[in-house]
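S.K.: Sharing a structure below in structure tokens format, with a few things to ask.
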Amino acid sequence: MASIRDLKKDIDYLVSLVVVDCFQYSSYFENADKDAAYKIAGDVMAKHRDLRQRVNHPDGKDNSKLIKAHYRKIGEDLLVVCDEAYAELAKLIEKEA
């Protein structure tokens, strides 16, 4: 299992990539749907706060199996959130192309 510190860094890094890509989309295309891009970025940032909160406050501190499952679930949720955000951003880009 990776460290909690690495998990926090992964959360920060992946979410920042999504947010940067949203802003790049809005600045690259002239007729970009900026409101939709900003909504995607805002939703991802809200999930970022939720994921970091879950990392900082695990359930079942006495049972190591529960802790490992908890952090594994956070990692899976992070990937799902980023994947969904990129899917929404891809739809916006397809409209422009």
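Ligands are numbered from 1 in the order shown, chains are lettered A, B, ... in the order of the structure tokens, and residues start at 1 in each chain.
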Using only C-alpha atoms, which residues sit within 9 Å of Leu92 of chain A once same-chain residues fewer than 5 positions away are excluded, as a PyMOL selection string?
M.R.: chain A and resi 25+32-33+36-37+87
S.K.: Could the residues in this selection be saved with C-alpha atoms as a compact mmCIF listing (two decimals), in the first residue's frame?
M.R.:
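What follows is the written file part27.txt:
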# COMPACT_ATOMS: atom_id res chain seq x y z
CA TYR A 25 -10.19 24.28 -23.38
CA ALA A 32 -15.97 27.41 -26.08
CA ASP A 33 -18.76 26.71 -23.61
CA ALA A 36 -19.75 24.12 -18.81
CA ALA A 37 -15.95 23.94 -18.52
CA ALA A 87 -15.50 12.34 -20.53
S.K.: Give me, as a list in words, all polymer residues having an atom no more than 10 Å from Asp43 of chain A, counting only C-alpha atoms and skipping those fewer than 5 positions away in the same chain.
M.R.: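 Using only C-alpha atoms, the neighbours found are Val19, Ala37, Tyr38, His48, Val81 and Ala85 of chain A.
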S.K.: Might you pull out every residue within 8 Å of Leu51 of chain A, with only C-alpha atoms counted and same-chain residues fewer than 5 positions away left off, and present them as a VMD selection string?
M.R.: chain A and resid 11 74 78
S.K.: Any chance you could list, as a count of residues only, the residues in segment 1-80 of chain A that come up helix (DSSP H, G or I) when DSSP is run on the backbone?
M.R.: 65
S.K.: Between atom CA of Asn31 of chain A and atom CA of Lys95 of chain A, what is the distance, to one decimal in Å?
M.R.: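 Computing the Euclidean distance for atom CA of Asn31 of chain A and atom CA of Lys95 of chain A yields 9.9 Å.
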S.K.: For Arg49 of chain A, find every residue with an atom within 10 Å (counting only C-alpha atoms), except residues of its own chain fewer than 5 positions away, and show them as a JSON list (two decimals) with all heavy atoms, in the first residue's frame.
M.R.:
[["chain", "number", "residue", "atom", "x", "y", "z"],
["A", 11, "ILE", "N", -4.08, 12.74, -5.43],
["A", 11, "ILE", "CA", -5.36, 13.45, -5.51],
["A", 11, "ILE", "C", -5.12, 14.86, -6.02],
["A", 11, "ILE", "O", -5.79, 15.31, -6.96],
["A", 11, "ILE", "CB", -6.07, 13.47, -4.14],
["A", 11, "ILE", "CG1", -6.54, 12.07, -3.76],
["A", 11, "ILE", "CG2", -7.24, 14.45, -4.15],
["A", 11, "ILE", "CD1", -7.01, 11.95, -2.33],
["A", 12, "ASP", "N", -4.16, 15.55, -5.44],
["A", 12, "ASP", "CA", -3.88, 16.93, -5.86],
["A", 12, "ASP", "C", -3.44, 16.99, -7.32],
["A", 12, "ASP", "O", -3.89, 17.85, -8.08],
["A", 12, "ASP", "CB", -2.80, 17.54, -4.97],
["A", 12, "ASP", "CG", -3.25, 17.76, -3.55],
["A", 12, "ASP", "OD1", -4.48, 17.76, -3.29],
["A", 12, "ASP", "OD2", -2.38, 17.93, -2.68],
["A", 44, "VAL", "N", -15.09, 19.02, -9.94],
["A", 44, "VAL", "CA", -13.89, 18.26, -9.61],
["A", 44, "VAL", "C", -13.24, 18.80, -8.34],
["A", 44, "VAL", "O", -12.76, 18.04, -7.50],
["A", 44, "VAL", "CB", -12.90, 18.26, -10.80],
["A", 44, "VAL", "CG1", -11.56, 17.71, -10.41],
["A", 44, "VAL", "CG2", -13.46, 17.48, -11.96],
["A", 54, "ARG", "N", -11.82, 12.54, 3.27],
["A", 54, "ARG", "CA", -11.89, 11.10, 3.53],
["A", 54, "ARG", "C", -10.52, 10.52, 3.85],
["A", 54, "ARG", "O", -10.40, 9.60, 4.66],
["A", 54, "ARG", "CB", -12.51, 10.38, 2.34],
["A", 54, "ARG", "CG", -14.00, 10.64, 2.23],
["A", 54, "ARG", "CD", -14.60, 10.10, 0.95],
["A", 54, "ARG", "NE", -14.25, 8.71, 0.68],
["A", 54, "ARG", "CZ", -14.39, 8.14, -0.50],
["A", 54, "ARG", "NH1", -14.89, 8.83, -1.52],
["A", 54, "ARG", "NH2", -14.06, 6.88, -0.68],
["A", 55, "VAL", "N", -9.47, 11.05, 3.21],
["A", 55, "VAL", "CA", -8.12, 10.57, 3.50],
["A", 55, "VAL", "C", -7.73, 10.95, 4.93],
["A", 55, "VAL", "O", -7.13, 10.15, 5.65],
["A", 55, "VAL", "CB", -7.10, 11.16, 2.49],
["A", 55, "VAL", "CG1", -5.67, 10.92, 2.95],
["A", 55, "VAL", "CG2", -7.30, 10.56, 1.12]]
